[in-house]
Amino acid sequence: MHLHKYEKIWLVFGIGSLALFLAVLGVAAFAFGHQPPSHMTTVDSQNLSEDPLFSEPGLTQINESTYRATLIAQAFGYNPNKIEVPVGSTVIFEVTSADVVHSFTIPGTNVNFMVTPGHVNMAEHTFNEPGEYLVICNEYCGTGHHYMQMRIEVIS
Ligand code: CUA
């Protein structure tokens with residue numbers, strides 16, 4: 001088959017553009033997708049029971065009004081599934097996953113982050129209103145995803 005000169009040019013241009021597009025995509029995926037952000041603390045998700053931070057997950061008081069909550073997300077719940085703090089407390093959440101990607105989302109607050117296995121995912125929040133706060137999982141993680149939740153009791 002004889003191709004017209006201009007058809008050849010467009011064909012070459014088309015293949016060239018596609019190759020460039022794939023190259024850019026590949027570089028972007030390599031740069032951003034295959035390594036964790038460097039500021040994240042890593043943890044061995046297969047060995048959480050041996051980990052100094054996660055072997056006994058729960059609440060630790062750091063000072064008068066600050067607590068650290070180390071939590072393990074796992075299909076389909078959080079360990080522990082309830083914590084209690086006095087009103088006015090600042091809670092530093094340090095959360096990891098024992099299996100797949102989950103989220104740690106407290107509706108009505110700005111706490112909403114992904115919980116990835118192998119990382120210590122963090123956020124902090126000051127609870128100025130007493131009451132019961134629900135924590136839910138916002139990342140689809142399997143059949144029990146919609147039931148995955150825990151509670152934070154903020155006591156006055
Ligand atoms: Cu865990 Cu959805």
# chains A, B, ... in the order shown; residues from 1 in each chain; ligands from 1

call {"tool": "residues_near_ligand", "arguments": {"ligand": "ligand 1", "cutoff": "12 Å", "atoms": "only C-alpha atoms and all ligand atoms", "output": "ChimeraX atom specification"}}
result
/A:72-78,96-105,113-117,135-150

call {"tool": "select_by_dssp", "arguments": {"residues": "stretch 15-146 of chain A", "states": "alpha helix (DSSP H)", "output": "ChimeraX atom specification"}}
result
/A:15-33

call {"tool": "write_last_selection", "arguments": {"atoms": "C-alpha atoms", "output": "PDB file, in the first residue's frame"}}
result
ATOM      1  CA  ILE A  15       3.266   7.456  17.138  1.00  0.00           C
ATOM      2  CA  GLY A  16       5.761  10.019  18.432  1.00  0.00           C
ATOM      3  CA  SER A  17       3.114  11.706  20.590  1.00  0.00           C
ATOM      4  CA  LEU A  18       1.967   8.383  21.987  1.00  0.00           C
ATOM      5  CA  ALA A  19       5.529   7.394  22.861  1.00  0.00           C
ATOM      6  CA  LEU A  20       6.121  10.754  24.555  1.00  0.00           C
ATOM      7  CA  PHE A  21       2.849  10.441  26.488  1.00  0.00           C
ATOM      8  CA  LEU A  22       3.751   6.950  27.722  1.00  0.00           C
ATOM      9  CA  ALA A  23       7.251   8.099  28.665  1.00  0.00           C
ATOM     10  CA  VAL A  24       5.868  10.999  30.724  1.00  0.00           C
ATOM     11  CA  LEU A  25       3.345   8.698  32.374  1.00  0.00           C
ATOM     12  CA  GLY A  26       6.064   6.176  33.178  1.00  0.00           C
ATOM     13  CA  VAL A  27       8.370   8.773  34.682  1.00  0.00           C
ATOM     14  CA  ALA A  28       5.509  10.268  36.720  1.00  0.00           C
ATOM     15  CA  ALA A  29       4.471   6.842  38.040  1.00  0.00           C
ATOM     16  CA  PHE A  30       8.061   6.033  38.929  1.00  0.00           C
ATOM     17  CA  ALA A  31       8.666   9.360  40.638  1.00  0.00           C
ATOM     18  CA  PHE A  32       5.451   9.547  42.651  1.00  0.00           C
ATOM     19  CA  GLY A  33       3.947   6.076  42.818  1.00  0.00           C
TER      20      GLY A  33
END

call {"tool": "closest_residue", "arguments": {"among": "A:Glu50, A:Glu7, A:Glu129, A:Glu124", "to": "A:Gly88", "atoms": "only C-alpha atoms"}}
result
A:Glu129

call {"tool": "residues_around", "arguments": {"residues": "A:Thr60", "least_positions_apart": "5", "cutoff": "10 Å", "atoms": "only C-alpha atoms", "output": "PyMOL selection string"}}
result
chain A and resi 66-70+91-92

call {"tool": "residues_around", "arguments": {"residues": "A:Arg151", "least_positions_apart": "4", "cutoff": "8 Å", "atoms": "only C-alpha atoms", "output": "ChimeraX atom specification"}}
result
/A:81-83,132-135

call {"tool": "closest_residue", "arguments": {"among": "A:Glu153, A:Glu94, A:Glu56, A:Glu84", "to": "A:Thr41", "atoms": "only C-alpha atoms"}}
result
A:Glu94

call {"tool": "closest_residue", "arguments": {"among": "A:Ala123, A:Val95, A:Ile106, A:Met40", "to": "A:Leu53", "atoms": "only C-alpha atoms"}}
result
A:Val95
